[in-house]
>>> print(open('target01.cif').read())   # mmCIF, C-alpha atoms
data_my_file
#
loop_
_atom_site.label_atom_id
_atom_site.label_comp_id
_atom_site.auth_asym_id
_atom_site.auth_seq_id
_atom_site.Cartn_x
_atom_site.Cartn_y
_atom_site.Cartn_z
CA MET A 1 -17.18 -15.81 37.51
CA CYS A 2 -15.63 -19.12 36.60
CA LEU A 3 -14.28 -20.45 39.88
CA LEU A 4 -15.83 -19.69 43.24
CA THR A 5 -15.40 -21.23 46.66
CA PHE A 6 -17.29 -20.21 49.77
CA GLN A 7 -17.66 -21.02 53.44
CA TRP A 8 -21.19 -20.98 54.82
CA GLN A 9 -21.40 -20.77 58.61
CA PRO A 10 -24.86 -19.32 59.35
CA ASP A 11 -24.31 -19.10 63.11
CA ALA A 12 -20.88 -17.48 62.95
CA ARG A 13 -20.07 -13.80 63.22
CA VAL A 14 -19.18 -13.95 59.52
CA PRO A 15 -21.72 -16.31 57.91
CA LEU A 16 -20.36 -16.13 54.37
CA THR A 17 -16.81 -15.90 53.01
CA ILE A 18 -16.05 -16.06 49.28
CA ALA A 19 -12.94 -16.29 47.10
CA ALA A 20 -13.50 -16.22 43.35
CA ASN A 21 -11.95 -15.73 39.91
CA ARG A 22 -13.82 -14.34 36.93
CA ASP A 23 -12.55 -15.53 33.54
CA GLU A 24 -13.49 -13.67 30.38
CA PHE A 25 -12.22 -12.52 26.99
CA TYR A 26 -9.77 -9.65 27.40
CA ALA A 27 -11.55 -7.70 24.66
CA ARG A 28 -14.87 -7.66 26.53
CA PRO A 29 -15.16 -4.20 28.12
CA THR A 30 -15.42 -4.29 31.90
CA LEU A 31 -15.53 -1.80 34.76
CA PRO A 32 -13.87 -2.81 38.05
CA LEU A 33 -15.61 -3.02 41.41
CA HIS A 34 -17.46 0.23 42.13
CA ALA A 35 -20.72 1.66 43.45
CA TRP A 36 -23.14 2.00 40.54
CA PRO A 37 -25.28 5.14 40.22
CA GLU A 38 -28.26 4.75 42.52
CA ALA A 39 -31.56 3.58 41.12
CA GLY A 40 -34.58 3.89 43.40
CA GLY A 41 -34.36 1.42 46.26
CA GLY A 42 -30.62 1.26 46.78
CA GLN A 43 -27.27 0.84 45.13
CA ILE A 44 -25.42 -2.05 43.49
CA VAL A 45 -21.74 -2.47 44.34
CA ALA A 46 -20.02 -4.68 41.77
CA GLY A 47 -17.81 -4.86 38.74
CA GLN A 48 -19.72 -4.31 35.52
CA ASP A 49 -19.80 -6.05 32.16
CA GLN A 50 -20.14 -3.07 29.82
CA GLN A 51 -21.24 -5.26 26.92
CA GLY A 52 -24.16 -6.97 28.64
CA GLY A 53 -24.74 -4.39 31.38
CA GLY A 54 -24.80 -6.87 34.25
CA THR A 55 -22.24 -8.35 36.61
CA TRP A 56 -20.78 -11.67 37.74
CA MET A 57 -20.90 -10.89 41.47
CA GLY A 58 -22.36 -8.00 43.42
CA VAL A 59 -23.76 -6.70 46.68
CA HIS A 60 -26.74 -4.42 47.24
CA GLN A 61 -26.58 -1.55 49.70
CA PRO A 62 -28.28 -1.05 52.10
CA SER A 63 -29.99 -4.49 52.08
CA GLY A 64 -26.77 -6.58 52.05
CA ARG A 65 -28.14 -8.92 49.37
CA LEU A 66 -25.45 -10.78 47.42
CA ALA A 67 -25.38 -12.82 44.23
CA ALA A 68 -22.62 -14.53 42.22
CA LEU A 69 -22.83 -16.38 38.91
CA THR A 70 -20.70 -18.84 36.94
CA ASN A 71 -21.33 -19.99 33.40
CA TYR A 72 -21.86 -23.69 32.69
CA ARG A 73 -19.35 -24.87 30.06
CA ASP A 74 -21.39 -26.46 27.28
CA PRO A 75 -20.24 -24.96 23.96
CA GLY A 76 -22.37 -27.31 21.89
CA HIS A 77 -25.58 -25.88 23.33
CA ASN A 78 -24.72 -22.18 23.73
CA ARG A 79 -26.91 -19.76 21.79
CA ALA A 80 -25.41 -16.54 20.46
CA ASP A 81 -28.76 -14.73 20.79
CA ALA A 82 -29.36 -15.63 24.45
CA PRO A 83 -29.61 -12.69 26.88
CA SER A 84 -26.65 -11.88 29.11
CA ARG A 85 -26.63 -13.93 32.29
CA GLY A 86 -25.14 -11.03 34.24
CA GLY A 87 -28.56 -9.42 34.34
CA ILE A 88 -29.79 -12.22 36.60
CA VAL A 89 -27.40 -11.02 39.32
CA THR A 90 -28.64 -7.44 39.16
CA ASP A 91 -32.25 -8.65 39.05
CA PHE A 92 -31.80 -10.45 42.37
CA LEU A 93 -29.91 -7.59 44.00
CA GLN A 94 -32.80 -5.24 43.29
CA SER A 95 -35.59 -7.76 43.88
CA PRO A 96 -37.88 -7.69 46.93
CA LEU A 97 -38.04 -11.52 46.87
CA GLY A 98 -36.10 -13.70 49.28
CA ALA A 99 -33.46 -16.03 47.86
CA ASP A 100 -35.70 -19.10 47.80
CA LYS A 101 -38.66 -17.33 46.19
CA PHE A 102 -36.40 -15.68 43.61
CA ALA A 103 -34.90 -19.07 42.69
CA GLN A 104 -38.38 -20.57 42.32
CA ALA A 105 -39.41 -17.79 39.95
CA LEU A 106 -36.12 -17.98 38.05
CA ALA A 107 -36.61 -21.68 37.30
CA ALA A 108 -39.58 -20.81 35.10
CA ARG A 109 -37.48 -18.56 32.84
CA SER A 110 -33.94 -19.89 33.16
CA ASP A 111 -34.10 -21.73 29.81
CA ALA A 112 -33.98 -18.35 28.08
CA PHE A 113 -30.32 -18.10 29.08
CA ASN A 114 -27.28 -20.19 28.30
CA ALA A 115 -26.65 -22.53 31.23
CA PHE A 116 -25.36 -21.08 34.51
CA ASN A 117 -24.96 -21.57 38.25
CA LEU A 118 -26.01 -18.95 40.77
CA LEU A 119 -25.37 -18.28 44.46
CA LEU A 120 -27.94 -16.09 46.24
CA PHE A 121 -27.84 -14.62 49.75
CA ASP A 122 -30.64 -12.42 51.04
CA GLY A 123 -29.03 -11.71 54.41
CA GLN A 124 -30.62 -14.74 56.07
CA GLN A 125 -30.93 -17.55 53.57
CA LEU A 126 -28.26 -18.91 51.19
CA VAL A 127 -29.48 -20.62 48.02
CA ALA A 128 -27.61 -22.34 45.18
CA PHE A 129 -29.26 -22.58 41.76
CA GLU A 130 -28.33 -24.81 38.80
CA SER A 131 -30.14 -23.71 35.66
CA ARG A 132 -29.37 -26.90 33.74
CA HIS A 133 -31.57 -28.82 36.17
CA ARG A 134 -33.86 -25.92 37.16
CA ARG A 135 -32.84 -26.93 40.67
CA HIS A 136 -32.17 -24.86 43.75
CA PHE A 137 -31.11 -25.96 47.22
CA ALA A 138 -29.86 -24.60 50.52
CA PRO A 139 -26.18 -25.51 50.99
CA GLN A 140 -25.39 -27.18 54.30
CA PRO A 141 -22.86 -25.39 56.53
CA GLY A 142 -19.31 -25.96 55.38
CA VAL A 143 -17.05 -25.21 52.44
CA TRP A 144 -18.38 -25.46 48.89
CA ALA A 145 -17.15 -24.61 45.43
CA VAL A 146 -18.47 -24.20 41.92
CA SER A 147 -16.81 -23.71 38.56
CA ASN A 148 -18.27 -24.27 35.08
CA ALA A 149 -20.19 -27.41 36.01
CA ASP A 150 -22.70 -28.25 38.77
CA PHE A 151 -21.90 -27.27 42.35
CA ASP A 152 -19.05 -29.33 43.82
CA THR A 153 -18.37 -31.25 40.58
CA PRO A 154 -14.90 -32.63 41.38
CA TRP A 155 -12.80 -30.91 38.73
CA PRO A 156 -9.15 -30.84 39.84
CA LYS A 157 -8.90 -27.08 40.33
CA LEU A 158 -12.17 -27.00 42.26
CA VAL A 159 -11.16 -29.81 44.62
CA GLN A 160 -7.75 -28.27 45.23
CA LEU A 161 -9.07 -24.74 45.82
CA ARG A 162 -11.88 -25.90 48.11
CA ARG A 163 -9.48 -27.89 50.28
CA ALA A 164 -6.86 -25.14 50.48
CA PHE A 165 -9.53 -22.49 51.12
CA ALA A 166 -10.87 -24.44 54.09
CA GLU A 167 -7.37 -24.81 55.53
CA VAL A 168 -6.59 -21.10 55.16
CA LEU A 169 -9.87 -20.00 56.74
CA GLN A 170 -9.35 -22.32 59.69
CA ALA A 171 -5.78 -21.11 60.19
CA HIS A 172 -6.86 -17.47 60.21
CA GLN A 173 -10.18 -17.96 62.06
CA ALA A 174 -11.89 -16.03 59.27
CA ALA A 175 -15.41 -16.62 60.57
CA GLU A 176 -14.60 -14.62 63.72
CA SER A 177 -13.58 -11.26 62.23
CA PRO A 178 -15.70 -9.14 59.86
CA ASP A 179 -12.58 -7.68 58.24
CA ILE A 180 -10.25 -9.45 55.83
CA SER A 181 -6.89 -9.37 57.62
CA PRO A 182 -3.70 -8.72 55.61
CA ALA A 183 -2.45 -12.24 56.35
CA LEU A 184 -5.73 -13.85 55.27
CA GLU A 185 -5.83 -11.70 52.15
CA ALA A 186 -2.30 -12.65 51.14
CA ALA A 187 -2.98 -16.36 51.65
CA LEU A 188 -6.19 -16.26 49.59
CA TRP A 189 -4.57 -14.29 46.76
CA ASN A 190 -1.97 -17.04 46.52
CA LEU A 191 -4.70 -19.65 46.10
CA LEU A 192 -6.49 -17.70 43.39
CA ALA A 193 -3.23 -16.97 41.54
CA ASP A 194 -2.34 -20.66 41.05
CA THR A 195 -1.44 -21.26 37.39
CA CYS A 196 -0.71 -25.00 37.72
CA VAL A 197 -2.67 -27.15 35.27
CA ALA A 198 -4.09 -30.59 35.98
CA ASP A 199 -2.75 -33.85 34.62
CA ASP A 200 -4.40 -34.77 31.34
CA ALA A 201 -5.82 -37.96 32.86
CA ASP A 202 -7.76 -35.86 35.41
CA LEU A 203 -9.25 -33.35 32.98
CA PRO A 204 -13.00 -33.17 32.36
CA THR A 205 -14.35 -33.47 28.84
CA THR A 206 -16.53 -30.45 28.12
CA GLY A 207 -16.28 -30.20 24.35
CA VAL A 208 -13.49 -27.61 24.02
CA GLY A 209 -10.60 -29.93 23.09
CA LEU A 210 -7.67 -31.22 25.12
CA GLU A 211 -5.38 -28.19 24.77
CA LEU A 212 -8.02 -25.77 26.00
CA GLU A 213 -9.24 -28.14 28.74
CA ARG A 214 -5.66 -28.21 29.99
CA ALA A 215 -5.31 -24.41 30.02
CA LEU A 216 -8.68 -23.94 31.73
CA SER A 217 -7.80 -26.43 34.47
CA ALA A 218 -5.70 -23.80 36.28
CA ALA A 219 -7.32 -21.66 38.97
CA PHE A 220 -5.79 -18.59 37.31
CA VAL A 221 -6.15 -18.76 33.53
CA HIS A 222 -4.06 -16.79 31.02
CA LEU A 223 -4.43 -17.49 27.32
CA PRO A 224 -3.61 -15.09 24.46
CA HIS A 225 -7.18 -13.73 24.22
CA TYR A 226 -8.89 -15.07 27.36
CA GLY A 227 -8.09 -15.40 31.02
CA THR A 228 -8.75 -14.41 34.62
CA ARG A 229 -9.92 -10.80 34.58
CA ALA A 230 -10.74 -10.36 38.28
CA SER A 231 -10.02 -12.05 41.61
CA THR A 232 -12.40 -11.23 44.45
CA LEU A 233 -12.40 -11.82 48.20
CA LEU A 234 -15.53 -11.12 50.21
CA GLN A 235 -16.63 -11.51 53.83
CA HIS A 236 -20.30 -11.00 54.63
CA ALA A 237 -20.84 -10.29 58.32
CA ARG A 238 -24.10 -9.52 60.10
CA SER A 239 -24.09 -5.81 59.29
CA GLN A 240 -21.03 -5.38 57.10
CA VAL A 241 -19.52 -6.61 53.86
CA SER A 242 -15.77 -6.37 53.24
CA VAL A 243 -14.74 -6.91 49.62
CA VAL A 244 -11.40 -6.69 47.85
CA GLU A 245 -10.96 -7.08 44.10
CA ARG A 246 -7.90 -7.28 41.85
CA SER A 247 -8.30 -6.69 38.10
CA PHE A 248 -6.08 -8.21 35.41
CA GLY A 249 -5.43 -7.67 31.74
CA ALA A 250 -3.87 -9.80 29.02
CA GLY A 251 -1.20 -12.21 30.16
CA GLY A 252 -2.33 -12.03 33.77
CA VAL A 253 -0.84 -8.56 34.26
CA GLU A 254 -2.57 -6.57 37.00
CA ALA A 255 -4.62 -3.70 35.59
CA PRO A 256 -3.56 -0.09 36.25
CA LEU A 257 -6.31 0.45 38.83
CA GLY A 258 -4.83 -2.42 40.84
CA THR A 259 -6.74 -3.39 43.96
CA VAL A 260 -10.11 -1.97 45.00
CA ARG A 261 -11.21 -2.25 48.66
CA LEU A 262 -14.67 -1.47 49.92
CA ARG A 263 -16.45 -1.84 53.23
CA LEU A 264 -20.22 -1.64 53.14
CA ASP A 265 -22.36 -1.18 56.22
CA PHE A 266 -26.04 -1.99 56.35
CA GLY A 267 -28.78 -2.74 58.83
CA GLY A 268 -28.34 -6.12 60.53
#
>>> encode(input="target01.cif", output="structure tokens")
Amino acid sequence: MCLLTFQWQPDARVPLTIAANRDEFYARPTLPLHAWPEAGGGQIVAGQDQQGGGTWMGVHQPSGRLAALTNYRDPGHNRADAPSRGGIVTDFLQSPLGADKFAQALAARSDAFNAFNLLLFDGQQLVAFESRHRRHFAPQPGVWAVSNADFDTPWPKLVQLRRAFAEVLQAHQAAESPDISPALEAALWNLLADTCVADDADLPTTGVGLELERALSAAFVHLPHYGTRASTLLQHARSQVSVVERSFGAGGVEAPLGTVRLRLDFGG
């Protein structure tokens, strides 16, 4: 997951709404959103990185736990032998620990991984984790976003998506309905499909060179060998999660399986 925006309204009928893009190399084998074979204690519902075995965003049924991860862009400090960060998501989904306790325990071992950001929801508490600082915090109600830097770092695509996301949710009263309406879905797909790049003067400097910084400044990325592989919309209500995912291949072409829609019910 390389660009994620979310609305946190803990007292609303729908406390958590997410729109996100996952960027990855096209050659990295991936399974789309699906229910994984059950392992004692419940079932993970997520896409799956077949190389590392984990996922970038998933939900656990029947507990309703949710986690989503973005990588921190720092090519000069990445280690080729570091374990896959996608396993952190599955660890939380299957953990008995609450979000805060899990984040506390994770801080002690997060240096084993290349840098990342993590969003955790245990059904009651929402926690954001930044491995680079070994820091976790509870986001205040409102609209947030994270890409490949710390939470709410004002990269152009993050600022634009967060603002537009808030406007769309308000227009469609998304926090009032547990289902993603067709109109809301269409509006959010448009936001995630934006291929406009930022002006060079507004680009961050992350060590990948100007040409690549420019290409990665779009919400929807499509390079010859790397780009947006999945776009995901999710609404987490009190006893239900609605999730829709679109998968893409090289050049931003939608994958043959197209769109996957799932509705998960759990005790609330």
>>> atom_distance(input="target01.cif", atom1="CA of Arg246 in chain A", atom2="CA of Ala186 in chain A")
12.1 Å
>>> residues_near_point(input="target01.cif", point="(-29.7, -20.2, 28.8)", cutoff="9 Å", atoms="all atoms listed in the file", output="number ranges by chain")
A: 77-79, 82-85, 109-116, 131-132
>>> residues_around(input="target01.cif", residues="range 23-25 of chain A", least_positions_apart="4", cutoff="6 Å", atoms="all atoms listed in the file", output="list of chain:residue names")
A:Cys2, A:His225, A:Tyr226, A:Gly227, A:Thr228, A:Arg229
>>> residues_near_point(input="target01.cif", point="(-16.5, -7.7, 42.5)", cutoff="7 Å", atoms="only C-alpha atoms", output="number ranges by chain")
A: 33, 46-47, 57-58, 232, 245
>>> atom_distance(input="target01.cif", atom1="CA of Thr153 in chain A", atom2="CA of Pro204 in chain A")
10.0 Å
>>> closest_atom_pairs(input="target01.cif", of="range 64-175 of chain A", to="range 239-244 of chain A", cutoff="12 Å", atoms="only C-alpha atoms", output="CSV")
residue,atom,partner,partner_atom,distance
A:Gly64,CA,A:Val241,CA,7.5
A:Arg65,CA,A:Val241,CA,10.0
A:Leu66,CA,A:Val241,CA,9.7
A:Gly123,CA,A:Ser239,CA,9.1
A:Gln124,CA,A:Ser239,CA,11.5
>>> closest_residue(input="target01.cif", among="A:Asp100, A:Asp122, A:Glu254, A:Asp11", to="Gln61 in chain A", atoms="only C-alpha atoms")
A:Asp122
>>> resolve_selection(input="target01.cif", expression="the PyMOL selection byres ((chain A and resi 44) around 8)", output="ChimeraX atom specification")
/A:35-38,42-43,45-46,58-61,90,93
>>> resolve_selection(input="target01.cif", expression="the PyMOL selection byres ((chain A and resi 157) around 9)", output="list of chain:residue names")
A:Leu3, A:Ser147, A:Pro154, A:Trp155, A:Pro156, A:Leu158, A:Val159, A:Gln160, A:Leu161, A:Arg162, A:Cys196, A:Val197, A:Ala198, A:Ser217, A:Ala218, A:Ala219
>>> write_last_selection(input="target01.cif", atoms="C-alpha atoms", output="CSV table (one decimal), keeping the file's coordinate frame")
chain,number,residue,atom,x,y,z
A,3,LEU,CA,-14.3,-20.4,39.9
A,147,SER,CA,-16.8,-23.7,38.6
A,154,PRO,CA,-14.9,-32.6,41.4
A,155,TRP,CA,-12.8,-30.9,38.7
A,156,PRO,CA,-9.2,-30.8,39.8
A,158,LEU,CA,-12.2,-27.0,42.3
A,159,VAL,CA,-11.2,-29.8,44.6
A,160,GLN,CA,-7.8,-28.3,45.2
A,161,LEU,CA,-9.1,-24.7,45.8
A,162,ARG,CA,-11.9,-25.9,48.1
A,196,CYS,CA,-0.7,-25.0,37.7
A,197,VAL,CA,-2.7,-27.2,35.3
A,198,ALA,CA,-4.1,-30.6,36.0
A,217,SER,CA,-7.8,-26.4,34.5
A,218,ALA,CA,-5.7,-23.8,36.3
A,219,ALA,CA,-7.3,-21.7,39.0
>>> atom_distance(input="target01.cif", atom1="CA of Phe92 in chain A", atom2="CA of Gly54 in chain A")
11.3 Å
>>> closest_residue(input="target01.cif", among="A:Asp49, A:Asp150, A:Glu167, A:Asp199", to="Val89 in chain A", atoms="all atoms listed in the file")
A:Asp49
>>> resolve_selection(input="target01.cif", expression="the PyMOL selection byres ((chain A and resi 9) around 9)", output="count of residues only")
15
>>> closest_residue(input="target01.cif", among="A:Asn117, A:Thr195, A:Ser247, A:Gln173", to="Tyr72 in chain A", atoms="all atoms listed in the file")
A:Asn117
>>> axis_aligned_box(input="target01.cif", around="range 181-190 of chain A", padding_each_side="8 Å", output="lines of an AutoDock Vina configuration file")
center_x = -4.4
center_y = -12.9
center_z = 52.1
size_x = 20.9
size_y = 24.3
size_z = 27.1
